[in-house]
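J.: The structure that follows is given in the form of structure tokens.
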Amino acid sequence: MFKWFDERLELKKFKEKFLSKTFPTHPTFLIGEIALFSFITLVVTGIFLGLLYEPSTKMVSLFGAMVPAAYASVVRIDLLPMGMLIRRIHHWSAMIMIAAILAHLMRVYFTSAYRNPREINWFVGLGLFGISLFAAFTGYLLPYSNFSVTATSIGYYIAKSVPWIGNWISTLLFAGDFPSNATVPRFFFLHVMFIPFLLVSLIVLHMVILVKQKHTEPAVNRTKKESQNGKRLIGIPIWPEQAIISIAFYFFLLFVIVLIATYIPLNPIESYGPPAAGTPVMRPDWYFLIVYGFLKLIPGDLSFSIFGGKITPETIGGVIFPTFLILVFALIPLLDRAKQPQHYISNPLHRPFMTALGITGGVFLTMLIVSGYIDVLKIAPKTMILYVVLATAAAGAVSYSLLRVYNRNKNGGKNV
Amino acid sequence: MVNEPGKTPDTMDKKGITRRKFILGTILVAIAGALGSLFSLLKVLAPSKKGSGYVSTISPGDVLVYATGSKIGMEIKASSMNAGDAELVYPKGKSSNPANLVQVIKLSEQDFKAPTNVQLTDKGFVAYSAICTHLGCTVSWVKNQNSPDASYTECFCHNSIFNPSRGDLVEGGPAPIPLAQIGVRVNNDDTLSFTSDFTGPIGPQV
Ligand code: HEM
Ligand code: FES
């Protein structure tokens, strides 16, 4: 049978050209795969949910109560055998996918794999990160519970707070005002068609660029190659070795996600109920806590206007701050440049400035996540701002000094 | 035409508009034109809706009914509330407009301080919009069991705190302005009704 296909599709050539490509081995190179595999799980469980979900806010009767059809359909999914499990797997995979993207981004940052010639893939990766957040945001609304509506309406007012074009953006995105009957159908389409399409396209682009440019290699390969006078990447071929590792890894990941989803409930919409007058005590999923924490910290009297555009605390916390973060990330490969193409990963310990910068940024963002909990921790916003600044400054100073000392000792007292 | 090696006919003449430049220009103009004409589609995607935001339809005389809980839709009785209690209410028959959501609070009469509009309160009852002026969550009531008059309104979304005895001034958190007050009165039949419109803007101030 292989022969039959081979005659028609030239499979042999494909095998020689593509499947025998080398993939360097390093445990951290699997982080990106976690993101990719979580996405596959999202697609599969998403198709299941999509078959049963009803994107409408028309009021229908559910056990005698009138509730929106979208909410009723998700309650019915939960009542199916394994239905709630599939929903939880979908939601947990989303959380894990975004965590994996961030971890992957950190791996690339600390090993400086974003430098020449791999800047483009750094930008593609940032795009994937942003679009995944958008995927999660649109997914939030779909069950149309009291929680969904509250969370989405916060996003709606953040979109509206964009200076000058806020009304235009929010109308376009939410199909008019929110809450209104038009938003759920629009979000449904964005969530199950448009965003997955964007994600798949960008993932393919990411992979094609990766195959074309080849993966960076662990630094030890450089000495190995020089001693053997070799030129090719050192690693294992995609087929069969890497493929078998990946398949095994996928099933292990699936096992972990199913285990988590089985035991840890997530978004119990039955307990939030359909949209109602009262707002549940709510906290968004972890990846939105950064912005959420920031929103809690800025005082309410910061409004001003420039050129007819209104800047409110929401604009600062929900629009300017995230834009600023994305810009900083995008600037990294443009500022830390390499003239020659780099093909080996660097040891973070040997790059005191960039590594300390990364740690500082990480601590800053973590402190903002903690700020999302000031009500539980009973800390006043002003005190928390102080903590955030202190922790960030301390992280920078300590990590930078330690790394300098480490490098000085290693180089026999010489400064680097 | 004779081809020099390495040169195509259209790059041979470097001066003026070459064929290549012309074609490139045409393509760019065509792309820009096509995209530009599609731009008007965006207008269709964004249905034009005026009057976005919260516009209340409460009129003086509307009776207050419960907005949540098991007594939802039923008239609220003044005698059922003690100092330190609060309820989310709608004007009767107008619950479909979220801008009409109000928090009615019972405090001790001597508690009210400026800038509360005392004219708009009655027998310790005071009412404010229940839509947080930050990003539009519904505010909640944090009851202080030991000293009921120290209870306050909090929005659990980003922890804005409002002081009900001082006109719902913002005492903490990101909300930019107080929740607007609205007049209430206790009727002879123990029901409550509204006596005015909101004193200020309601809903998120974006
Ligand atoms: C092809 C891909 C996808 C399809 C077909 C899909 C489909 C769906 C459907 C039908 C729902 C509503 C049912 C429910 O809420 O349980 C939903 C919810 C959701 N989706 Fe997706 N989805 C996909 C990808 C993603 C991605 C990439 C993310 C995030 C990175 C994501 C995050 C979410 C979240 C957070 C919810 C709310 C889940 C909950 O109710 O607990 N989805 N999705
Ligand atoms: S919506 Fe009320 S504090 Fe943010």
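Note on naming: chains are A, B, ... as they come in the structure tokens, residues start from 1 per chain, ligands start from 1 in the order shown.
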Set the distance at 12 Å and use only C-alpha atoms: which residues neighbour region 40-49 of chain A once local chain neighbours fewer than 3 positions away are removed? I'd like the list as a PyMOL selection string.
T.: chain A and resi 33-37+52-55+70+73-78+80+82-98+132+135-136+139+142-143+188+191-193+195-197+199-200+203+250-251+253-255+257-258
J.: May I have all residues of region 179-390 of chain A that DSSP, computed from the backbone, assigns to helix (DSSP H, G or I), given as JSON, numbers by chain?
T.: {"A": [183, 184, 185, 186, 187, 188, 189, 190, 191, 192, 193, 194, 195, 196, 197, 198, 199, 200, 201, 202, 203, 204, 205, 206, 207, 208, 209, 210, 211, 212, 213, 220, 221, 222, 223, 224, 225, 226, 227, 228, 238, 239, 240, 241, 242, 243, 244, 245, 246, 247, 248, 249, 250, 251, 252, 253, 254, 255, 256, 257, 258, 259, 260, 261, 262, 263, 269, 270, 271, 272, 286, 287, 288, 289, 290, 291, 292, 293, 294, 295, 296, 297, 313, 314, 315, 316, 317, 318, 319, 320, 321, 322, 323, 324, 325, 326, 327, 328, 329, 330, 331, 332, 333, 334, 335, 348, 349, 350, 352, 353, 354, 355, 356, 357, 358, 359, 360, 361, 362, 363, 364, 365, 366, 367, 368, 369, 370, 371, 374, 375, 376, 377, 381, 382, 383, 384, 385, 386, 387, 388, 389, 390]}
J.: Do me a favour and pick out the residues of chain B within 10 Å of chain A, using only C-alpha atoms, as an MDAnalysis selection string.
T.: chainID B and resid 42:53 66:69 88:90 95 98 101:102 130:131 133:140 155:160 170 172:177 204:206
J.: Within 12 Å of Gly93 (chain B), counting only C-alpha atoms, which residues qualify if same-chain residues fewer than 2 places away don't, as a list in words?
T.: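 Listing them by chain and then by number gives Thr57, Ile58, Ser59, Asp62, Val63, Leu64, Val65, Tyr66, Ala67, Ile72, Gly73, Met74, Glu75, Val89, Tyr90, Pro91, Ser95, Ser96, Asn97 and Asn100 of chain B.
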J.: Compare B:Thr153, B:Asn144, B:Thr26, B:Ser79 by their minimum atom-to-atom distance to Ile105 (chain B), counting only C-alpha atoms, and give me the closest one.
T.: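 Going through B:Thr153, B:Asn144, B:Thr26, B:Ser79 one by one, the smallest distance to Ile105 (chain B) is for B:Thr153.
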J.: With only C-alpha atoms as the counted atoms, please give the residues lying no more than 6 Å from Tyr128 (chain B), apart from itself and same-chain residues fewer than 4 positions off, as a list in words.
T.: Val102, Gln103, Leu179, Ala180, Gln181 and Ile182 of chain B
J.: Taking the chain letters and numbering used in this document, name the residues of region 34-137 of chain B that DSSP puts in strand (DSSP E or B), as a list in words.
T.: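 Strand (DSSP E or B) assignments inside region 34-137 of chain B correspond to Val63, Leu64, Val65, Tyr66, Glu75, Lys77, Asp85, Ala86, Glu87, Leu88, Val89, Tyr90, Pro91, Val102, Gln103, Val104, Ile105, Lys106, Asp122, Phe125, Val126, Ala127, Tyr128, Ser129 and Ile131 of chain B.
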J.: Could you give me, as a PDB file with N, CA and C atoms, in the first residue's frame, the residues within 7 Å of region 350-355 of chain A, counting only C-alpha atoms and dropping anything in the same chain fewer than 5 positions from it?
T.:
```pdb
ATOM      1  N   PHE A 110      15.329  33.713  27.642  1.00  0.00           N
ATOM      2  CA  PHE A 110      16.516  33.510  28.475  1.00  0.00           C
ATOM      3  C   PHE A 110      17.656  32.835  27.714  1.00  0.00           C
ATOM      4  N   TYR A 400      20.871  40.967  39.321  1.00  0.00           N
ATOM      5  CA  TYR A 400      21.974  41.500  38.524  1.00  0.00           C
ATOM      6  C   TYR A 400      23.295  41.390  39.287  1.00  0.00           C
ATOM      7  N   LEU A 403      24.531  37.755  39.436  1.00  0.00           N
ATOM      8  CA  LEU A 403      25.046  37.257  38.155  1.00  0.00           C
ATOM      9  C   LEU A 403      26.411  37.867  37.850  1.00  0.00           C
ATOM     10  N   ARG A 404      26.573  39.148  38.214  1.00  0.00           N
ATOM     11  CA  ARG A 404      27.888  39.761  37.985  1.00  0.00           C
ATOM     12  C   ARG A 404      28.959  39.065  38.807  1.00  0.00           C
ATOM     13  N   ASN A 407      29.820  35.691  37.340  1.00  0.00           N
ATOM     14  CA  ASN A 407      30.661  35.748  36.149  1.00  0.00           C
ATOM     15  C   ASN A 407      32.080  36.200  36.479  1.00  0.00           C
TER      16      ASN A 407
END
```
J.: For Val291 (chain A), find every residue with an atom within 8 Å (counting only C-alpha atoms), except residues of its own chain fewer than 2 positions away, and show them as a PyMOL selection string.
T.: chain A and resi 288-289+293-295+317-318+321-322+368
J.: Once you have the residues from the selection above, write them out as a CSV table (one decimal), in the first residue's frame, restricted to all heavy atoms.
T.:
```csv
chain,number,residue,atom,x,y,z
A,288,PHE,N,-5.5,36.8,32.8
A,288,PHE,CA,-6.1,38.1,32.8
A,288,PHE,C,-5.8,38.8,34.2
A,288,PHE,O,-6.1,40.0,34.3
A,288,PHE,CB,-7.6,38.1,32.5
A,288,PHE,CG,-7.9,37.8,31.1
A,288,PHE,CD1,-8.8,36.9,30.7
A,288,PHE,CD2,-7.2,38.5,30.1
A,288,PHE,CE1,-9.0,36.6,29.4
A,288,PHE,CE2,-7.5,38.2,28.7
A,288,PHE,CZ,-8.4,37.3,28.4
A,289,LEU,N,-5.3,38.1,35.1
A,289,LEU,CA,-5.1,38.7,36.5
A,289,LEU,C,-4.1,39.9,36.4
A,289,LEU,O,-4.1,40.8,37.2
A,289,LEU,CB,-4.6,37.7,37.5
A,289,LEU,CG,-5.6,36.8,38.0
A,289,LEU,CD1,-5.0,35.7,38.9
A,289,LEU,CD2,-6.7,37.6,38.8
A,293,GLY,N,-5.2,42.9,38.1
A,293,GLY,CA,-4.5,43.5,39.3
A,293,GLY,C,-4.1,44.9,39.0
A,293,GLY,O,-4.3,45.8,39.9
A,294,PHE,N,-3.7,45.2,37.8
A,294,PHE,CA,-3.3,46.6,37.5
A,294,PHE,C,-4.5,47.5,37.7
A,294,PHE,O,-4.4,48.6,38.2
A,294,PHE,CB,-2.7,46.7,36.1
A,294,PHE,CG,-1.9,47.9,35.8
A,294,PHE,CD1,-0.5,47.9,36.1
A,294,PHE,CD2,-2.5,49.0,35.3
A,294,PHE,CE1,0.2,49.0,35.8
A,294,PHE,CE2,-1.8,50.2,35.1
A,294,PHE,CZ,-0.4,50.2,35.3
A,295,LEU,N,-5.6,47.1,37.2
A,295,LEU,CA,-6.9,47.9,37.2
A,295,LEU,C,-7.2,48.2,38.7
A,295,LEU,O,-7.8,49.2,39.0
A,295,LEU,CB,-8.0,47.2,36.6
A,295,LEU,CG,-8.2,47.2,35.1
A,295,LEU,CD1,-9.3,46.4,34.6
A,295,LEU,CD2,-8.4,48.7,34.7
A,317,GLY,N,-5.1,51.2,32.5
A,317,GLY,CA,-4.9,49.9,33.0
A,317,GLY,C,-5.3,48.8,31.9
A,317,GLY,O,-4.6,47.8,31.8
A,318,GLY,N,-6.3,49.1,31.1
A,318,GLY,CA,-6.8,48.1,30.2
A,318,GLY,C,-6.3,48.3,28.8
A,318,GLY,O,-6.3,47.3,28.0
A,321,PHE,N,-1.5,50.1,29.3
A,321,PHE,CA,-0.5,49.2,29.9
A,321,PHE,C,-0.3,47.9,29.1
A,321,PHE,O,0.8,47.5,28.8
A,321,PHE,CB,-1.0,48.9,31.4
A,321,PHE,CG,-0.2,47.8,32.1
A,321,PHE,CD1,1.1,48.0,32.3
A,321,PHE,CD2,-0.8,46.7,32.4
A,321,PHE,CE1,1.8,47.0,33.0
A,321,PHE,CE2,-0.1,45.7,33.1
A,321,PHE,CZ,1.2,45.9,33.3
A,322,PRO,N,-1.4,47.2,28.7
A,322,PRO,CA,-1.1,46.0,27.8
A,322,PRO,C,-0.4,46.3,26.5
A,322,PRO,O,0.5,45.6,26.1
A,322,PRO,CB,-2.5,45.4,27.6
A,322,PRO,CG,-3.4,46.0,28.6
A,322,PRO,CD,-2.8,47.3,29.0
A,368,LEU,N,1.8,41.9,40.0
A,368,LEU,CA,0.5,42.4,39.5
A,368,LEU,C,-0.6,41.3,39.7
A,368,LEU,O,-1.7,41.6,40.0
A,368,LEU,CB,0.6,42.8,38.1
A,368,LEU,CG,1.3,44.1,37.8
A,368,LEU,CD1,1.3,44.5,36.4
A,368,LEU,CD2,0.7,45.3,38.7
```
J.: When distances are computed from only C-alpha atoms and all ligand atoms, which of A:Gly130, A:Thr152, A:Tyr344, A:Phe63 shows the smallest separation from ligand 2?
T.: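 For ligand 2, the nearest of the candidates is A:Thr152.
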J.: Could you check which of B:Asp149, B:Ala83, B:Gln119, B:Ser129 is closest to Gly200 (chain B), using only C-alpha atoms?
T.: B:Ser129
J.: Could you check how far CA of Thr216 (chain A) sits from CA of Ala100 (chain A), in Å to one decimal?
T.: 19.0 Å
J.: Can you measure CA of Asp197 (chain B) to CA of Cys132 (chain B) for me? One decimal in Å is fine.
T.: 17.4 Å
J.: Identify, on the basis of only C-alpha atoms, every residue whose closest approach to Leu402 (chain A) does not exceed 10 Å; exclude the query and any residue fewer than 6 positions from it along the same chain; express the result as a PyMOL selection string.
T.: chain A and resi 349+352+356+408
J.: Now that the selection is made, can you save its residues with N, CA, C and O atoms as a PDB file, in the first residue's frame?
T.:
```pdb
ATOM      1  N   LEU A 349      23.085  32.365  32.435  1.00  0.00           N
ATOM      2  CA  LEU A 349      23.996  32.839  33.488  1.00  0.00           C
ATOM      3  C   LEU A 349      25.101  33.718  32.918  1.00  0.00           C
ATOM      4  O   LEU A 349      25.715  34.500  33.633  1.00  0.00           O
ATOM      5  N   PRO A 352      24.283  38.566  32.185  1.00  0.00           N
ATOM      6  CA  PRO A 352      23.731  39.138  33.422  1.00  0.00           C
ATOM      7  C   PRO A 352      22.649  40.167  33.160  1.00  0.00           C
ATOM      8  O   PRO A 352      21.590  40.119  33.788  1.00  0.00           O
ATOM      9  N   ALA A 356      18.851  39.377  34.158  1.00  0.00           N
ATOM     10  CA  ALA A 356      18.306  40.143  35.282  1.00  0.00           C
ATOM     11  C   ALA A 356      17.065  40.912  34.847  1.00  0.00           C
ATOM     12  O   ALA A 356      16.070  40.989  35.575  1.00  0.00           O
ATOM     13  N   ARG A 408      32.209  37.087  37.492  1.00  0.00           N
ATOM     14  CA  ARG A 408      33.555  37.542  37.841  1.00  0.00           C
ATOM     15  C   ARG A 408      34.359  36.377  38.406  1.00  0.00           C
ATOM     16  O   ARG A 408      35.489  36.133  38.000  1.00  0.00           O
TER      17      ARG A 408
END
```
J.: Grab the CA of Tyr406 (chain A) to CA of Asn347 (chain A) distance for me, in Å with one decimal place.
T.: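 Separation between CA of Tyr406 (chain A) and CA of Asn347 (chain A): 12.8 Å.
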J.: Have a look at B:Gly25, B:Gly203, B:Thr191, B:Gly16 and name the one nearest to ligand 2; count only C-alpha atoms and all ligand atoms.
T.: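 Smallest distance to ligand 2 is found for B:Gly203.
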J.: Which is closest to Ala114 (chain B) among B:Lys94, B:Ala127, B:Ser165, B:Ala150, if we use only C-alpha atoms?
T.: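 Checking each candidate against Ala114 (chain B), we get B:Ser165 as the closest.
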